[in-house]
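Undergrad: This is input_13.cif (mmCIF, C-alpha atoms).
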```
data_protein
#
loop_
_atom_site.label_atom_id
_atom_site.label_comp_id
_atom_site.auth_asym_id
_atom_site.auth_seq_id
_atom_site.Cartn_x
_atom_site.Cartn_y
_atom_site.Cartn_z
CA MET A 1 10.31 22.47 13.09
CA PHE A 2 11.19 21.37 9.58
CA GLY A 3 14.61 19.79 9.50
CA GLY A 4 16.56 17.82 6.94
CA GLY A 5 15.96 20.39 4.21
CA GLN A 6 12.19 19.90 4.32
CA GLN A 7 10.34 23.13 3.63
CA ARG A 8 7.19 24.22 5.39
CA PRO A 9 4.14 23.21 3.32
CA PRO A 10 2.71 26.19 1.43
CA SER A 11 -0.46 27.92 2.55
CA ILE A 12 -3.03 28.05 -0.24
CA GLY A 13 -5.72 30.15 1.41
CA ASN A 14 -7.86 30.75 4.46
CA SER A 15 -11.43 29.69 5.12
CA GLY A 16 -13.95 32.44 5.79
CA VAL A 17 -15.57 30.52 8.66
CA PRO A 18 -14.39 28.21 11.48
CA PRO A 19 -13.94 25.00 9.44
CA TYR A 20 -14.88 21.46 10.44
CA CYS A 21 -14.75 19.40 7.24
CA VAL A 22 -13.35 19.46 3.71
CA LYS A 23 -14.28 17.38 0.64
CA THR A 24 -13.09 17.43 -2.94
CA ILE A 25 -15.77 18.01 -5.57
CA GLY A 26 -14.37 17.21 -8.99
CA SER A 27 -10.69 17.74 -9.74
CA ARG A 28 -10.59 21.53 -9.46
CA HIS A 29 -12.69 22.38 -6.40
CA ILE A 30 -13.04 21.65 -2.69
CA LEU A 31 -15.96 22.23 -0.35
CA ILE A 32 -15.39 23.51 3.19
CA GLY A 33 -18.13 23.25 5.81
CA GLY A 34 -18.20 25.16 9.06
CA GLY A 35 -19.44 28.19 10.94
CA GLY A 36 -20.21 29.55 14.37
CA GLY A 37 -23.32 27.45 14.94
CA ALA A 38 -26.38 28.79 16.74
CA SER A 39 -24.39 31.12 19.01
CA LYS A 40 -25.10 34.77 18.27
CA THR A 41 -21.50 35.85 17.77
CA GLY A 42 -21.90 37.16 14.25
CA VAL A 43 -19.89 34.26 12.80
CA LYS A 44 -21.56 33.00 9.64
CA ASN A 45 -22.53 29.40 8.90
CA GLU A 46 -21.81 28.38 5.34
CA ILE A 47 -20.38 25.90 2.87
CA GLU A 48 -17.59 27.40 0.79
CA THR A 49 -16.65 26.29 -2.72
CA ARG A 50 -12.99 26.94 -3.39
CA LEU A 51 -11.33 26.74 -6.81
CA PHE A 52 -7.70 25.79 -7.34
CA THR A 53 -6.32 28.51 -9.57
CA THR A 54 -2.95 29.79 -10.78
CA GLU A 55 -3.96 33.41 -10.17
CA ASN A 56 -1.95 35.15 -7.42
CA ALA A 57 -0.12 31.89 -6.72
CA SER A 58 3.56 31.81 -5.79
CA ARG A 59 5.96 30.47 -8.39
CA ASP A 60 7.12 27.71 -6.05
CA VAL A 61 3.61 26.28 -5.60
CA GLY A 62 1.81 27.22 -8.79
CA PHE A 63 -1.65 27.01 -7.20
CA GLN A 64 -3.83 28.97 -4.83
CA SER A 65 -7.37 28.28 -3.59
CA GLN A 66 -9.96 30.98 -4.16
CA CYS A 67 -13.43 31.14 -2.65
CA VAL A 68 -15.80 31.29 -5.63
CA HIS A 69 -19.18 30.49 -4.03
CA THR A 70 -20.84 30.16 -0.62
CA VAL A 71 -24.05 28.51 0.57
CA ASP A 72 -25.65 30.11 3.63
CA THR A 73 -26.66 27.34 6.07
CA GLY A 74 -28.68 29.56 8.39
CA SER A 75 -28.20 28.98 12.12
CA MET A 76 -26.49 25.59 11.69
CA ALA A 77 -22.81 24.90 11.09
CA THR A 78 -21.80 22.02 8.81
CA MET A 79 -19.84 19.54 10.94
CA ASN A 80 -19.51 16.57 8.55
CA MET A 81 -20.02 16.08 4.84
CA ASP A 82 -19.69 13.75 1.87
CA VAL A 83 -19.90 14.19 -1.90
CA ALA A 84 -20.91 11.78 -4.69
CA TYR A 85 -21.17 12.30 -8.43
CA LEU A 86 -24.35 11.55 -10.36
CA VAL A 87 -22.84 11.26 -13.85
CA ASP A 88 -19.26 12.49 -14.25
CA GLU A 89 -17.18 15.61 -13.75
CA ILE A 90 -17.88 16.96 -17.23
CA ASN A 91 -21.59 17.24 -16.40
CA ALA A 92 -20.82 18.76 -12.97
CA ARG A 93 -23.72 16.89 -11.34
CA TYR A 94 -23.01 16.05 -7.71
CA VAL A 95 -24.97 15.24 -4.57
CA ILE A 96 -23.77 16.67 -1.25
CA VAL A 97 -24.89 15.48 2.20
CA ALA A 98 -24.08 17.78 5.09
CA GLY A 99 -24.50 17.13 8.82
CA GLN A 100 -25.94 20.24 10.51
CA ASP A 101 -26.89 19.71 14.17
CA ASP A 102 -29.28 16.71 14.16
CA GLN A 103 -30.19 17.23 10.49
CA CYS A 104 -28.74 15.88 7.27
CA VAL A 105 -29.19 18.42 4.49
CA LEU A 106 -29.04 17.37 0.83
CA TYR A 107 -27.70 19.64 -1.88
CA MET A 108 -27.34 19.07 -5.60
CA THR A 109 -25.21 20.81 -8.19
CA ARG A 110 -26.98 21.78 -11.41
CA GLY A 111 -23.81 22.22 -13.46
CA PHE A 112 -21.01 24.75 -13.73
CA LYS A 113 -21.52 28.49 -13.72
CA LEU A 114 -19.31 31.58 -13.77
CA ASN A 115 -19.22 33.79 -10.70
CA GLU A 116 -19.30 37.35 -12.02
CA LEU A 117 -18.29 38.73 -8.61
CA GLU A 118 -15.10 36.67 -8.62
CA ASN A 119 -13.65 37.47 -12.07
CA ASP A 120 -15.94 34.96 -13.81
CA SER A 121 -14.39 32.14 -11.80
CA LEU A 122 -15.69 28.63 -12.39
CA CYS A 123 -18.04 27.37 -9.67
CA PHE A 124 -21.16 25.23 -9.24
CA GLU A 125 -24.82 26.06 -9.10
CA ILE A 126 -25.74 24.47 -5.75
CA LYS A 127 -29.32 24.05 -4.57
CA GLN A 128 -30.77 22.49 -1.42
CA VAL A 129 -33.07 19.61 -2.37
CA GLY A 130 -33.93 17.91 0.93
CA GLN A 131 -33.47 17.64 4.67
CA VAL A 132 -34.09 14.95 7.27
CA LYS A 133 -33.63 14.53 11.02
CA THR A 134 -31.04 11.79 11.50
CA ASP A 135 -30.42 11.71 15.25
CA PHE A 136 -32.88 11.38 18.14
CA HIS A 137 -30.77 11.56 21.30
CA PRO A 138 -33.14 12.75 24.06
CA THR A 139 -30.89 15.55 25.36
CA PHE A 140 -28.10 16.14 22.83
CA SER A 141 -29.10 15.05 19.32
CA TYR A 142 -26.28 15.50 16.85
CA GLN A 143 -25.20 13.87 13.56
CA LYS A 144 -21.52 12.96 13.83
CA CYS A 145 -20.78 11.24 10.51
CA VAL A 146 -22.20 10.61 7.04
CA ARG A 147 -20.99 8.56 4.08
CA PHE A 148 -22.30 7.72 0.62
CA ASP A 149 -22.51 4.21 -0.76
CA LYS A 150 -19.72 4.48 -3.34
CA ASN A 151 -21.62 2.58 -6.03
CA SER A 152 -25.00 4.26 -5.72
CA ARG A 153 -24.07 7.50 -7.53
CA GLY A 154 -25.43 9.61 -4.70
CA LYS A 155 -28.64 7.65 -4.10
CA ILE A 156 -27.77 5.84 -0.84
CA PHE A 157 -26.05 7.22 2.25
CA ALA A 158 -25.67 6.30 5.91
CA THR A 159 -25.51 8.45 9.03
CA GLY A 160 -24.40 8.00 12.61
CA GLY A 161 -24.82 10.23 15.61
CA ALA A 162 -25.13 10.82 19.32
CA ASP A 163 -27.98 8.32 19.83
CA GLY A 164 -25.78 5.39 18.72
CA PHE A 165 -27.91 4.47 15.69
CA ILE A 166 -26.77 3.76 12.16
CA ARG A 167 -29.40 4.80 9.65
CA LYS A 168 -29.35 4.02 5.94
CA TRP A 169 -31.19 6.48 3.70
CA ASP A 170 -32.50 6.77 0.15
CA ALA A 171 -31.59 10.27 -1.06
CA GLN A 172 -34.51 10.35 -3.50
CA ILE A 173 -37.02 9.64 -0.72
CA VAL A 174 -35.42 12.32 1.45
CA SER A 175 -35.58 14.87 -1.36
CA ARG A 176 -39.29 14.12 -2.00
CA SER A 177 -40.26 14.49 1.66
CA ASP A 178 -41.93 17.87 2.24
CA ASP A 179 -41.88 17.77 6.04
CA GLY A 180 -38.32 16.49 6.58
CA ASN A 181 -39.60 13.29 8.23
CA ALA A 182 -38.52 10.72 5.64
CA GLN A 183 -38.02 7.23 7.03
CA PRO A 184 -34.70 5.40 6.71
CA ILE A 185 -34.32 2.17 4.75
CA PHE A 186 -33.27 0.62 8.06
CA GLN A 187 -31.92 1.72 11.40
CA VAL A 188 -30.00 -0.26 13.99
CA GLN A 189 -28.77 0.52 17.50
CA ALA A 190 -25.10 0.06 16.66
CA HIS A 191 -23.42 1.50 19.76
CA GLU A 192 -24.28 2.21 23.36
CA SER A 193 -23.09 5.80 23.02
CA SER A 194 -22.38 7.86 19.90
CA VAL A 195 -21.30 6.59 16.49
CA ASP A 196 -17.91 8.20 15.88
CA ASP A 197 -17.34 7.11 12.28
CA ILE A 198 -18.84 4.96 9.52
CA ASP A 199 -18.05 3.85 5.98
CA PHE A 200 -19.42 1.63 3.22
CA SER A 201 -17.30 -1.15 1.77
CA ASN A 202 -16.31 -0.63 -1.86
CA ASP A 203 -18.65 -3.40 -3.04
CA SER A 204 -21.56 -1.86 -1.07
CA LYS A 205 -22.17 -5.07 0.89
CA PHE A 206 -21.04 -3.89 4.31
CA ILE A 207 -21.07 -0.91 6.65
CA ILE A 208 -18.39 -0.53 9.31
CA SER A 209 -19.00 1.62 12.38
CA VAL A 210 -16.76 2.97 15.16
CA GLY A 211 -17.90 3.76 18.70
CA SER A 212 -16.40 4.11 22.14
CA GLU A 213 -17.04 0.46 23.03
CA GLY A 214 -15.89 -1.11 19.77
CA THR A 215 -15.95 -1.44 15.99
CA PHE A 216 -18.57 -3.51 14.18
CA ILE A 217 -19.30 -4.69 10.65
CA TRP A 218 -22.92 -4.75 9.46
CA SER A 219 -24.81 -6.00 6.44
CA ALA A 220 -25.52 -2.95 4.27
CA GLU A 221 -28.66 -4.69 2.98
CA THR A 222 -30.37 -5.77 6.20
CA GLY A 223 -28.49 -4.09 9.05
CA GLU A 224 -27.54 -7.46 10.55
CA LYS A 225 -24.47 -7.40 12.76
CA LEU A 226 -21.80 -9.59 11.15
CA TYR A 227 -18.58 -9.08 13.09
CA ASP A 228 -17.04 -7.48 16.16
CA VAL A 229 -13.60 -6.16 15.15
CA GLN A 230 -11.01 -6.81 17.85
CA PHE A 231 -7.80 -4.87 18.41
CA PRO A 232 -4.59 -6.04 16.74
CA ILE A 233 -2.27 -7.78 19.21
CA GLU A 234 0.28 -4.95 18.86
CA ILE A 235 -2.12 -2.46 20.48
CA ALA A 236 -4.52 -4.57 22.51
CA ARG A 237 -4.54 -2.30 25.55
CA GLY A 238 -4.65 1.42 26.16
CA PHE A 239 -5.84 2.40 22.67
CA LYS A 240 -9.04 3.53 20.99
CA MET A 241 -9.98 3.41 17.32
CA ARG A 242 -10.34 6.97 16.01
CA SER A 243 -11.50 6.49 12.44
CA VAL A 244 -11.93 3.98 9.62
CA ARG A 245 -11.88 4.11 5.81
CA CYS A 246 -12.55 1.33 3.33
CA THR A 247 -10.29 0.86 0.31
CA PRO A 248 -10.74 -0.77 -3.13
CA LEU A 249 -7.74 -3.06 -2.53
CA GLY A 250 -9.78 -6.19 -1.76
CA ASN A 251 -12.25 -5.98 -4.63
CA ALA A 252 -10.53 -8.63 -6.75
CA ASN A 253 -11.05 -11.43 -4.21
CA GLY A 254 -14.35 -10.22 -2.78
CA ASN A 255 -12.95 -9.12 0.59
CA MET A 256 -13.52 -5.82 2.34
CA VAL A 257 -10.20 -4.11 3.06
CA PHE A 258 -10.16 -1.15 5.41
CA VAL A 259 -7.71 1.15 7.18
CA ALA A 260 -8.19 1.79 10.89
CA ALA A 261 -6.56 4.60 12.88
CA TYR A 262 -5.81 4.10 16.59
CA ASN A 263 -4.80 6.61 19.28
CA SER A 264 -3.41 5.89 22.71
CA ILE A 265 -5.90 6.79 25.43
CA SER A 266 -3.22 8.37 27.60
CA LYS A 267 -1.91 11.69 26.31
CA LYS A 268 1.29 11.69 28.37
CA ASP A 269 4.32 12.33 26.15
CA ASN A 270 6.08 9.11 27.12
CA VAL A 271 3.18 6.90 25.99
CA CYS A 272 1.16 9.03 23.53
CA CYS A 273 1.32 7.59 20.01
CA CYS A 274 -0.83 6.49 17.09
CA TYR A 275 -1.05 3.44 14.83
CA LEU A 276 -2.48 2.55 11.44
CA SER A 277 -3.73 -0.96 10.71
CA LEU A 278 -4.80 -2.55 7.41
CA TRP A 279 -7.58 -5.13 7.81
CA THR A 280 -9.31 -7.62 5.55
CA PHE A 281 -12.80 -9.02 6.15
CA ASN A 282 -14.21 -12.09 4.41
CA GLY A 283 -17.99 -11.76 4.31
CA GLU A 284 -18.70 -15.40 3.48
CA ARG A 285 -16.66 -16.77 6.38
CA ARG A 286 -17.29 -13.73 8.61
CA VAL A 287 -13.65 -13.56 9.56
CA ALA A 288 -11.44 -10.46 9.82
CA ARG A 289 -7.71 -10.21 10.40
CA PRO A 290 -5.13 -7.42 10.41
CA ILE A 291 -2.67 -7.58 7.51
CA VAL A 292 -0.22 -5.01 8.84
CA THR A 293 -0.19 -2.79 11.94
CA LYS A 294 2.37 -0.06 12.32
CA LEU A 295 3.31 2.74 14.67
CA VAL A 296 3.16 5.89 12.52
CA ALA A 297 3.92 8.69 14.98
CA LYS A 298 5.02 9.18 18.58
CA LYS A 299 3.69 12.00 20.79
CA GLU A 300 0.87 12.41 18.24
CA SER A 301 -2.86 11.61 18.05
CA ILE A 302 -4.69 11.20 14.75
CA SER A 303 -7.51 13.72 14.29
CA THR A 304 -8.60 12.85 10.74
CA LEU A 305 -8.04 10.08 8.18
CA SER A 306 -8.34 9.75 4.39
CA VAL A 307 -7.58 7.07 1.81
CA SER A 308 -6.94 7.86 -1.87
CA ASP A 309 -9.41 6.69 -4.51
CA CYS A 310 -6.89 4.12 -5.78
CA GLY A 311 -6.39 2.85 -2.23
CA ASN A 312 -2.60 2.96 -2.43
CA PHE A 313 -2.12 5.98 -0.17
CA THR A 314 -3.35 6.83 3.33
CA ALA A 315 -3.22 10.34 4.81
CA ILE A 316 -3.59 11.52 8.39
CA GLY A 317 -3.92 14.84 10.17
CA THR A 318 -2.94 15.10 13.83
CA MET A 319 -3.98 16.99 16.94
CA THR A 320 -0.70 18.93 16.91
CA GLY A 321 -1.23 20.12 13.33
CA GLY A 322 0.94 17.50 11.62
CA ALA A 323 0.15 15.86 8.28
CA GLY A 324 1.43 12.59 6.86
CA VAL A 325 1.06 10.34 3.81
CA PHE A 326 1.76 6.59 3.94
CA ASP A 327 1.87 3.66 1.54
CA THR A 328 -1.31 1.78 2.43
CA HIS A 329 0.17 -1.66 1.72
CA GLU A 330 2.79 -1.48 4.48
CA PHE A 331 2.31 2.00 5.99
CA ARG A 332 5.77 3.08 4.93
CA ARG A 333 6.08 6.78 5.67
CA MET A 334 6.28 8.69 2.38
CA TYR A 335 5.85 12.17 3.82
CA PHE A 336 5.36 13.76 7.21
CA ALA A 337 5.17 17.45 8.17
CA PRO A 338 5.05 17.84 11.97
CA ASN A 339 3.34 20.92 13.41
CA SER A 340 2.50 22.07 9.90
CA HIS A 341 -0.54 23.93 11.22
CA GLU A 342 -0.49 25.75 14.53
CA VAL A 343 -3.61 23.90 15.74
CA PHE A 344 -5.26 20.52 15.12
CA ILE A 345 -6.23 19.44 11.62
CA THR A 346 -9.97 19.03 11.03
CA GLY A 347 -9.88 17.60 7.50
CA VAL A 348 -7.57 16.03 4.92
CA GLU A 349 -8.36 15.15 1.30
CA PHE A 350 -6.42 13.68 -1.61
CA LEU A 351 -6.25 15.74 -4.80
CA SER A 352 -6.50 14.65 -8.41
CA LYS A 353 -3.65 13.99 -10.83
CA LYS A 354 -5.67 15.08 -13.88
CA SER A 355 -8.63 17.20 -14.86
CA PRO A 356 -10.99 16.21 -17.69
CA GLN A 357 -12.13 18.46 -20.51
CA ILE A 358 -15.00 20.78 -19.55
CA CYS A 359 -15.21 22.97 -22.65
CA GLU A 360 -14.09 22.87 -26.27
CA ASP A 361 -11.37 25.50 -25.74
CA PHE A 362 -9.46 23.28 -23.29
CA PRO A 363 -7.31 20.25 -24.16
CA ARG A 364 -8.97 16.92 -23.69
CA GLU A 365 -7.20 16.45 -20.36
CA THR A 366 -5.17 18.88 -18.26
CA PRO A 367 -2.75 18.19 -15.39
CA GLY A 368 -4.28 18.09 -11.90
CA ILE A 369 -2.96 19.48 -8.64
CA SER A 370 -0.93 16.36 -7.86
CA SER A 371 0.39 15.90 -11.40
CA GLY A 372 4.11 15.15 -11.33
CA PHE A 373 3.98 13.88 -7.74
CA HIS A 374 3.28 10.55 -6.05
CA SER A 375 0.20 12.15 -4.48
CA ALA A 376 -1.00 15.41 -2.97
CA ILE A 377 -3.30 16.30 -0.11
CA VAL A 378 -4.98 19.44 1.15
CA THR A 379 -5.24 19.92 4.91
CA LEU A 380 -7.64 22.15 6.80
CA ALA A 381 -7.08 23.30 10.38
CA ALA A 382 -9.20 24.86 13.08
CA ASP A 383 -7.37 28.18 12.61
CA LYS A 384 -8.95 28.45 9.12
CA THR A 385 -5.70 27.76 7.25
CA LEU A 386 -5.43 25.49 4.20
CA GLU A 387 -2.14 23.89 3.19
CA LEU A 388 -1.01 21.90 0.17
CA HIS A 389 1.21 18.86 0.78
CA ARG A 390 2.73 17.15 -2.26
CA VAL A 391 4.67 13.89 -2.04
CA PRO A 392 7.59 13.93 -4.50
CA HIS A 393 8.77 10.92 -6.42
CA PRO A 394 12.04 9.49 -5.04
CA GLN A 395 15.11 11.10 -6.60
CA PRO A 396 17.22 8.79 -8.77
CA GLN A 397 20.66 8.08 -7.37
CA PRO A 398 23.37 10.23 -9.03
CA PHE A 399 25.63 8.29 -11.39
CA SER A 400 28.73 9.41 -9.49
CA GLU A 401 27.36 7.88 -6.28
CA PHE A 402 26.58 4.68 -8.17
CA LEU A 403 30.19 4.48 -9.44
CA LEU A 404 31.51 5.13 -5.92
CA ILE A 405 29.42 2.27 -4.51
CA ILE A 406 30.62 -0.09 -7.28
CA SER A 407 34.23 0.93 -6.60
CA LEU A 408 33.89 0.32 -2.86
CA MET A 409 32.29 -3.08 -3.47
CA SER A 410 35.07 -4.03 -5.89
CA PHE A 411 37.72 -2.97 -3.34
CA VAL A 412 36.09 -5.01 -0.58
CA LEU A 413 35.78 -8.10 -2.80
CA SER A 414 39.39 -7.73 -3.98
CA TRP A 415 40.67 -7.42 -0.42
CA PHE A 416 38.59 -10.37 0.75
CA SER A 417 39.82 -12.54 -2.15
CA SER A 418 43.47 -11.71 -1.43
CA TYR A 419 42.93 -12.51 2.24
CA LEU A 420 41.57 -15.95 1.32
CA ILE A 421 44.54 -16.65 -0.97
CA VAL A 422 47.09 -15.70 1.68
CA SER A 423 45.42 -17.73 4.35
#
```
Please express the file's structure as structure tokens.
TA:
Amino acid sequence: MFGGGQQRPPSIGNSGVPPYCVKTIGSRHILIGGGGGASKTGVKNEIETRLFTTENASRDVGFQSQCVHTVDTGSMATMNMDVAYLVDEINARYVIVAGQDDQCVLYMTRGFKLNELENDSLCFEIKQVGQVKTDFHPTFSYQKCVRFDKNSRGKIFATGGADGFIRKWDAQIVSRSDDGNAQPIFQVQAHESSVDDIDFSNDSKFIISVGSEGTFIWSAETGEKLYDVQFPIEIARGFKMRSVRCTPLGNANGNMVFVAAYNSISKKDNVCCCYLSLWTFNGERRVARPIVTKLVAKKESISTLSVSDCGNFTAIGTMTGGAGVFDTHEFRRMYFAPNSHEVFITGVEFLSKKSPQICEDFPRETPGISSGFHSAIVTLAADKTLELHRVPHPQPQPFSEFLLIISLMSFVLSWFSSYLIVS
């Protein structure tokens, strides 16, 4: 239900395959990974490239997403993915790492091209350049997460999976390996069971990992374990960390600042809830502490987490199909759409405020999808639907309301002053 005048977020398209992950690639496109896996149901496995376009878009929204390219991934569905740029958006050179079963497959874009089958729509020339086995669980090997080192321009990435290992990889070595058996830079048994999530710190010094038995911080250079992250006192019992994302907020003082998402273990309505917590970690002293921890939703569990490139905004998707955006500094709710999708959200991504020049006929810079708004996110759900959520700037208070408030204050002060004189 959408009360208080809030409208249902607009649908901007439907994925052609069962979707599991979404990533922005540049300011105009998103990648969607998914498929039916190895089961012989006739459901394809592919990575879709979708372009934000004004064609066939409603006047209220102004944008629609159009599938402009697909990459066939054979018998393997893409379950997790990350994207890094090699140069900049103008050159359209990106590296993509995609988790497919126990493999990590590397793709590279060779620049823009026009898709003649889709009205000469702008897309990327994407080519597979490497593949490596990243998980070695004896009975159920499966890569669960992958993240690029943000400063390596697509050269370094880390994976985690069912065997509990974190592995750090050199993308160039993986791409040069003919047999798919490239060796990692290092590997460490990080968790007793699977690695549920990982991320690099913004200064590339640390890797943080999430597993069923805890959350740990590691040296990104050696793989040494540096810190065991404890629960904030507000949620010490009955909760589990779901996901983690590092932010650029601590770069100035050399600290790693990260956002952690927690879900209650019990799913009963009277106790089910979720929290967000902002942490800082000092590498020299090897000390971490929570800055702020806040309950963000009751009767909800977080299914996916994203932090904007600037670090100021945090977005969540929930198991009931809800989507929310929060101020990272204090987790003030800026936007929340409960039950926006009919099923759980599998991916959420922030969208750009501006798009750079890509040809001489365009202005030097054009407005992005979130232009004119605080921020905007795209959400992807298991029912193949994509929705656009835009967070408006706060409306200025009408001048008439301002005068009314001043008048009321003047009346109260006048009455209070007369009361003091009489008494």
Undergrad: Between A:Gly238, A:Val146, A:Gly372, A:Val378, which is the closest to A:Pro392 once you count only C-alpha atoms?
TA: A:Gly372
Undergrad: As a check of understanding, name the residues that the PyMOL selection byres ((chain A and resi 266) around 12) selects in the supplied structure, as number ranges by chain.
TA: A: 237-240, 263-265, 267-274, 299-301
Undergrad: Counting all atoms listed in the file, figure out which residue out of A:Tyr275, A:Phe186, A:Phe258, A:Phe281 gets nearest to A:Gly311.
TA: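 Distance minimum relative to A:Gly311 lands on A:Phe258.
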Undergrad: Atom CA of A:Pro290 and atom CA of A:Leu351 are how many Å apart?
TA: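 Result for atom CA of A:Pro290 versus atom CA of A:Leu351: 27.7 Å, one decimal.
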Undergrad: Kindly indicate which residue among A:Ser194, A:Pro9, A:His69, A:Ile173 lies nearest to A:Phe336, using all atoms listed in the file for the distances.
TA: A:Pro9
Undergrad: Got a sec to check which residues sit within 10 Å of (-31.5, 3.1, 8.1), counting all atoms listed in the file, and write them as a ChimeraX atom specification?
TA: /A:134,157-160,165-170,183-188,220-223
Undergrad: For the file shown, what are the residues hit by the PyMOL selection byres ((chain A and resi 321) around 8), laid out as a PyMOL selection string?
TA: chain A and resi 317-320+322-323+338-345+381
Undergrad: Store the residues picked out above, limited to C-alpha atoms, as a PDB file, in the coordinates of the input.
TA:
```pdb
ATOM      1  CA  GLY A 317      -3.920  14.840  10.170  1.00  0.00           C
ATOM      2  CA  THR A 318      -2.940  15.100  13.830  1.00  0.00           C
ATOM      3  CA  MET A 319      -3.980  16.990  16.940  1.00  0.00           C
ATOM      4  CA  THR A 320      -0.700  18.930  16.910  1.00  0.00           C
ATOM      5  CA  GLY A 322       0.940  17.500  11.620  1.00  0.00           C
ATOM      6  CA  ALA A 323       0.150  15.860   8.280  1.00  0.00           C
ATOM      7  CA  PRO A 338       5.050  17.840  11.970  1.00  0.00           C
ATOM      8  CA  ASN A 339       3.340  20.920  13.410  1.00  0.00           C
ATOM      9  CA  SER A 340       2.500  22.070   9.900  1.00  0.00           C
ATOM     10  CA  HIS A 341      -0.540  23.930  11.220  1.00  0.00           C
ATOM     11  CA  GLU A 342      -0.490  25.750  14.530  1.00  0.00           C
ATOM     12  CA  VAL A 343      -3.610  23.900  15.740  1.00  0.00           C
ATOM     13  CA  PHE A 344      -5.260  20.520  15.120  1.00  0.00           C
ATOM     14  CA  ILE A 345      -6.230  19.440  11.620  1.00  0.00           C
ATOM     15  CA  ALA A 381      -7.080  23.300  10.380  1.00  0.00           C
TER      16      ALA A 381
END
```
